[in-house]
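These notes are about the structure you will find just below.
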Amino acid sequence: MKTPEPESALSEPLEAGLYIVATPIGNLGDITVRAVDILRRCEVIACEDTRVTGKLLKHCGVSTRMQRYDDHASDKQRAMLLDMARSRPVALVSDAGTPLVSDPGYRLVREAREAGISVTSIPGACAAIAGLTLAGLPNDRFLFAGFLPVKEKARCDVLNELGGVDATLIFYETGPRLERSLRAIAELWPEREVAVARELTKLHEECRTGRAQELAEWYAEHSPKGEIVLLVGPPSDAPPTGDPEALLREALSEMSASKAAGKVAKATGMDRQTLYARAVELKSQ
């Protein structure tokens, strides 16, 4: 079923410039009327994969010419798009969702603005926001951190860096890597609430919540498919687990004062420096 025609006069020419157009993240019905109007009236659509975007355009009855533009696009390709946008309307889309949110396009928009080319955003679906609305985690403050690194050390470094941020953390993840990421989170923040939102807007949409260890065990038995939004509640959302003094003494039996303080801080949300000072005292006794 084709999307209804917008009320604006489609015969009117669109002003020259770069149009950032959000597309559906799964359900093609989520394309906006304004987005269809813009895509129809642009002279070229820059997209990551012409096959993916082609399906959307066919669904919407749009025949605008497509041109590939992805992370591997050359400076020459970018310059050519910018040159077109000086005198003609050019649209930029990603395979799904809002362009520039973990998708290519940053350099194109930046250079367009530097060149004085008009840039217009056509808002729509975004997986990170859709996941946040489903998770039931605190949403007055949140931090989108893209994809977690593949390598274990780099992944732990990123999680450690973000550990003290007083906000819900939002990551994108893939099915094959989800369990490893959940186990890394479980080791660092065992008591924080975590949510896994996947197949958003599709028939088998799912949002599962719990502690990271529980979710890791679940997905070890039920291999996840599709694109995934992984959310972690803020430190204040995690209540202390047991007596901090007892936890500190137990940790000191296996590791240094510094590492023990760090471990207990992650488990309880207490100030690391305060715990370290106490750990040094206990070590000297």
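A note on labels: chains of the structure tokens are A, B, ... as shown, every chain counts residues from 1, and ligands are counted from 1 in their shown order.
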
- Tell me, as a ChimeraX atom specification, which residues lie within 10 Å of region 103-110 of chain A, counting only C-alpha atoms; anything in the same chain fewer than 4 positions away does not count. /A:18-20,46-48,69-73,75,77-79,81-82,92-99,114-115,117-120,146

- Query: Near Leu57 (chain A), counting only C-alpha atoms, which residues have an atom at most 12 Å away, once you skip same-chain residues fewer than 6 positions from it, shown as a ChimeraX atom specification?
  - Reply: /A:2-3,23-24,28,31,35-40,45,47,50-51,63-66,93,95

- Determine which residues of region 135-231 of chain A DSSP labels as helix (DSSP H, G or I) from the backbone of this structure, then write them out as a ChimeraX atom specification. /A:135,152-162,175-188,212-221

Do a neighbour search on region 208-218 of chain A at 8 Å with only C-alpha atoms, toss out local chain neighbours closer than 4 positions, and write the hits as a compact mmCIF listing (two decimals) with N, CA and C atoms, in the first residue's frame.
```
# COMPACT_ATOMS: atom_id res chain seq x y z
N ALA A 135 12.31 0.20 27.36
CA ALA A 135 13.09 -0.45 28.41
C ALA A 135 12.57 -0.21 29.83
N LEU A 178 26.31 -10.24 21.46
CA LEU A 178 25.50 -9.81 22.61
C LEU A 178 25.90 -10.50 23.90
N GLU A 179 26.04 -11.82 23.89
CA GLU A 179 26.33 -12.55 25.12
C GLU A 179 27.65 -12.09 25.75
N ARG A 180 28.67 -11.89 24.93
CA ARG A 180 29.97 -11.44 25.45
C ARG A 180 29.86 -10.05 26.08
N LEU A 182 27.15 -8.74 27.39
CA LEU A 182 26.38 -8.88 28.63
C LEU A 182 27.25 -9.43 29.76
N ARG A 183 28.12 -10.37 29.46
CA ARG A 183 28.99 -10.95 30.51
C ARG A 183 30.01 -9.91 30.99
N ILE A 185 29.46 -6.68 31.08
CA ILE A 185 28.67 -5.77 31.91
C ILE A 185 28.38 -6.40 33.26
N ALA A 186 28.08 -7.71 33.26
CA ALA A 186 27.79 -8.42 34.51
C ALA A 186 28.99 -8.41 35.46
N PRO A 190 27.29 -5.85 38.31
CA PRO A 190 26.39 -6.99 38.50
C PRO A 190 24.98 -6.65 38.93
N GLU A 191 24.78 -5.50 39.56
CA GLU A 191 23.45 -5.17 40.09
C GLU A 191 22.68 -4.14 39.27
N ARG A 192 23.29 -3.63 38.22
CA ARG A 192 22.55 -2.65 37.41
C ARG A 192 21.48 -3.35 36.57
N GLU A 193 20.39 -2.64 36.36
CA GLU A 193 19.33 -3.19 35.51
C GLU A 193 19.72 -2.99 34.05
N VAL A 194 19.50 -4.02 33.26
CA VAL A 194 19.88 -4.01 31.85
C VAL A 194 18.67 -4.37 31.01
N ALA A 195 18.61 -3.83 29.80
CA ALA A 195 17.52 -4.16 28.88
C ALA A 195 18.10 -4.50 27.51
N VAL A 196 17.52 -5.48 26.87
CA VAL A 196 17.89 -5.86 25.51
C VAL A 196 16.64 -5.70 24.64
N ALA A 197 16.68 -4.75 23.73
CA ALA A 197 15.56 -4.50 22.82
C ALA A 197 16.00 -4.89 21.41
N HIS A 222 19.20 -19.00 23.90
CA HIS A 222 18.29 -18.52 22.85
C HIS A 222 19.04 -17.52 21.98
```

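Here CA of Leu14 (chain A) stands at a distance of 14.1 Å from CA of Ser121 (chain A).
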
- Filtered DSSP result for region 84-213 of chain A, state strand (DSSP E), as JSON, numbers by chain: {"A": [89, 90, 91, 92, 119, 120, 121, 122, 142, 143, 144, 145, 146, 147, 168, 169, 170, 171, 172, 173, 193, 194, 195, 196, 197, 198, 206, 207, 208, 209, 210, 211]}

- Task: Tell me, as a PyMOL selection string, which residues lie within 10 Å of region 245-247 of chain A, counting only C-alpha atoms; anything in the same chain fewer than 2 positions away does not count.
- Result: chain A and resi 241-243+249-252+260-261+263-265+267-268+275+278-279+282

Give me a file of those residues, with all heavy atoms, as a compact mmCIF listing (two decimals), in the first residue's frame.
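Result file out.txt:
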```txt
# COMPACT_ATOMS: atom_id res chain seq x y z
N THR A 241 24.90 -3.96 47.30
CA THR A 241 24.74 -5.40 47.49
C THR A 241 25.56 -5.83 48.70
O THR A 241 26.76 -5.98 48.62
CB THR A 241 25.23 -6.16 46.25
OG1 THR A 241 26.59 -5.80 45.99
CG2 THR A 241 24.41 -5.82 45.03
N GLY A 242 24.90 -5.98 49.85
CA GLY A 242 25.61 -6.43 51.04
C GLY A 242 26.34 -5.30 51.74
O GLY A 242 26.27 -4.13 51.38
N ASP A 243 27.08 -5.66 52.77
CA ASP A 243 27.84 -4.72 53.57
C ASP A 243 29.13 -4.33 52.86
O ASP A 243 29.97 -5.19 52.59
CB ASP A 243 28.15 -5.36 54.93
CG ASP A 243 29.02 -4.47 55.79
OD1 ASP A 243 28.97 -3.24 55.59
OD2 ASP A 243 29.75 -5.01 56.63
N ARG A 249 36.70 -6.31 52.58
CA ARG A 249 37.60 -7.29 53.23
C ARG A 249 37.76 -8.54 52.37
O ARG A 249 38.85 -9.08 52.22
CB ARG A 249 37.06 -7.66 54.63
CG ARG A 249 37.18 -6.56 55.67
CD ARG A 249 36.62 -7.00 57.01
NE ARG A 249 36.68 -5.95 58.01
CZ ARG A 249 37.77 -5.69 58.74
NH1 ARG A 249 38.87 -6.42 58.57
NH2 ARG A 249 37.74 -4.71 59.64
N GLU A 250 36.64 -8.99 51.81
CA GLU A 250 36.69 -10.18 50.97
C GLU A 250 37.55 -9.94 49.73
O GLU A 250 38.36 -10.79 49.34
CB GLU A 250 35.27 -10.57 50.55
CG GLU A 250 35.21 -11.82 49.69
CD GLU A 250 33.80 -12.15 49.23
OE1 GLU A 250 32.84 -11.50 49.73
OE2 GLU A 250 33.65 -13.04 48.39
N ALA A 251 37.37 -8.77 49.10
CA ALA A 251 38.14 -8.45 47.90
C ALA A 251 39.62 -8.31 48.20
O ALA A 251 40.48 -8.71 47.40
CB ALA A 251 37.60 -7.17 47.27
N LEU A 252 39.96 -7.76 49.38
CA LEU A 252 41.36 -7.57 49.76
C LEU A 252 42.11 -8.89 49.96
O LEU A 252 43.34 -8.92 49.90
CB LEU A 252 41.45 -6.73 51.03
CG LEU A 252 41.18 -5.23 50.86
CD1 LEU A 252 41.04 -4.56 52.23
CD2 LEU A 252 42.29 -4.57 50.05
N ALA A 260 40.61 -3.73 44.77
CA ALA A 260 39.50 -4.06 45.66
C ALA A 260 38.53 -2.89 45.75
O ALA A 260 37.30 -3.07 45.71
CB ALA A 260 40.04 -4.41 47.04
N ALA A 261 39.06 -1.67 45.85
CA ALA A 261 38.21 -0.49 45.92
C ALA A 261 37.39 -0.33 44.64
O ALA A 261 36.21 0.00 44.68
CB ALA A 261 39.07 0.76 46.16
N LYS A 263 36.51 -2.72 42.54
CA LYS A 263 35.50 -3.79 42.45
C LYS A 263 34.29 -3.48 43.31
O LYS A 263 33.14 -3.62 42.87
CB LYS A 263 36.13 -5.11 42.87
CG LYS A 263 35.16 -6.29 42.80
CD LYS A 263 35.83 -7.59 43.20
CE LYS A 263 34.85 -8.76 43.12
NZ LYS A 263 35.49 -10.05 43.49
N VAL A 264 34.52 -3.04 44.55
CA VAL A 264 33.42 -2.76 45.46
C VAL A 264 32.65 -1.51 45.01
O VAL A 264 31.43 -1.42 45.15
CB VAL A 264 33.92 -2.61 46.91
CG1 VAL A 264 32.78 -2.24 47.84
CG2 VAL A 264 34.57 -3.92 47.37
N ALA A 265 33.37 -0.54 44.45
CA ALA A 265 32.71 0.67 43.95
C ALA A 265 31.73 0.33 42.84
O ALA A 265 30.61 0.85 42.78
CB ALA A 265 33.75 1.68 43.46
N ALA A 267 30.27 -2.53 42.37
CA ALA A 267 29.19 -3.37 42.89
C ALA A 267 28.18 -2.59 43.73
O ALA A 267 27.01 -2.95 43.79
CB ALA A 267 29.77 -4.51 43.71
N THR A 268 28.64 -1.52 44.37
CA THR A 268 27.76 -0.81 45.32
C THR A 268 27.39 0.60 44.90
O THR A 268 26.45 1.19 45.44
CB THR A 268 28.44 -0.73 46.70
OG1 THR A 268 29.62 0.09 46.60
CG2 THR A 268 28.79 -2.11 47.22
N LEU A 275 36.46 4.30 49.35
CA LEU A 275 36.71 2.87 49.53
C LEU A 275 38.20 2.55 49.51
O LEU A 275 38.68 1.70 50.26
CB LEU A 275 35.98 2.07 48.44
CG LEU A 275 34.46 2.02 48.56
CD1 LEU A 275 33.85 1.49 47.27
CD2 LEU A 275 34.05 1.16 49.74
N ARG A 278 39.77 3.40 52.84
CA ARG A 278 39.44 2.39 53.82
C ARG A 278 40.19 1.08 53.56
O ARG A 278 40.64 0.39 54.49
CB ARG A 278 37.94 2.14 53.82
CG ARG A 278 37.45 1.08 54.81
CD ARG A 278 37.91 1.41 56.23
NE ARG A 278 37.45 0.42 57.19
CZ ARG A 278 38.07 0.18 58.36
NH1 ARG A 278 39.15 0.88 58.68
NH2 ARG A 278 37.59 -0.73 59.18
N ALA A 279 40.37 0.75 52.28
CA ALA A 279 41.10 -0.47 51.91
C ALA A 279 42.54 -0.40 52.36
O ALA A 279 43.12 -1.39 52.85
CB ALA A 279 41.02 -0.68 50.41
N LEU A 282 42.66 -1.08 56.07
CA LEU A 282 42.47 -2.50 56.36
C LEU A 282 43.71 -3.30 56.01
O LEU A 282 44.06 -4.27 56.73
CB LEU A 282 41.25 -3.03 55.58
CG LEU A 282 39.88 -2.48 56.01
CD1 LEU A 282 38.80 -2.96 55.05
CD2 LEU A 282 39.55 -2.93 57.43
```

- Using only C-alpha atoms, which residue out of A:Pro224, A:Gly54, A:Gly233, A:Gly163 lies closest to Arg272 (chain A)?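 Under the stated criterion, the closest residue is A:Gly163.
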
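In terms of minimum interatomic distance to Ala91 (chain A), A:Val21 ranks closest within A:Ile122, A:Leu56, A:Ala127, A:Val21, counting only C-alpha atoms.
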
- Query: What is the CA of Ile170 (chain A) to CA of Gly262 (chain A) distance in Å?
  - Reply: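 Interatomic distance, CA of Ile170 (chain A) to CA of Gly262 (chain A): 22.8 Å.
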
- Query: Please, what distance in Å, to one decimal, runs between CA of Glu152 (chain A) and CA of Thr133 (chain A)?
  - Reply: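 Separating CA of Glu152 (chain A) from CA of Thr133 (chain A) is a distance of 29.1 Å.
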
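Considering the residues A:Gly131, A:Pro235, A:Met270, A:Ser87 and counting only C-alpha atoms, Glu205 (chain A) has its shortest atom-to-atom contact with A:Gly131.
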
- Query: Got a sec: who's within 8 Å of Leu143 (chain A), counting only C-alpha atoms, leaving out chain neighbours fewer than 3 positions off, as a list in words?
  - Reply: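 So the residues in contact are Ala167, Thr168, Leu169 and Ile170 of chain A.
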
- Task: Can you work out which one of A:Asn27, A:Arg68, A:Leu200, A:Val62 has the shortest atom-to-atom distance to Asp49 (chain A), counting only C-alpha atoms?
- Result: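 Closest to Asp49 (chain A), using only C-alpha atoms: A:Arg68.
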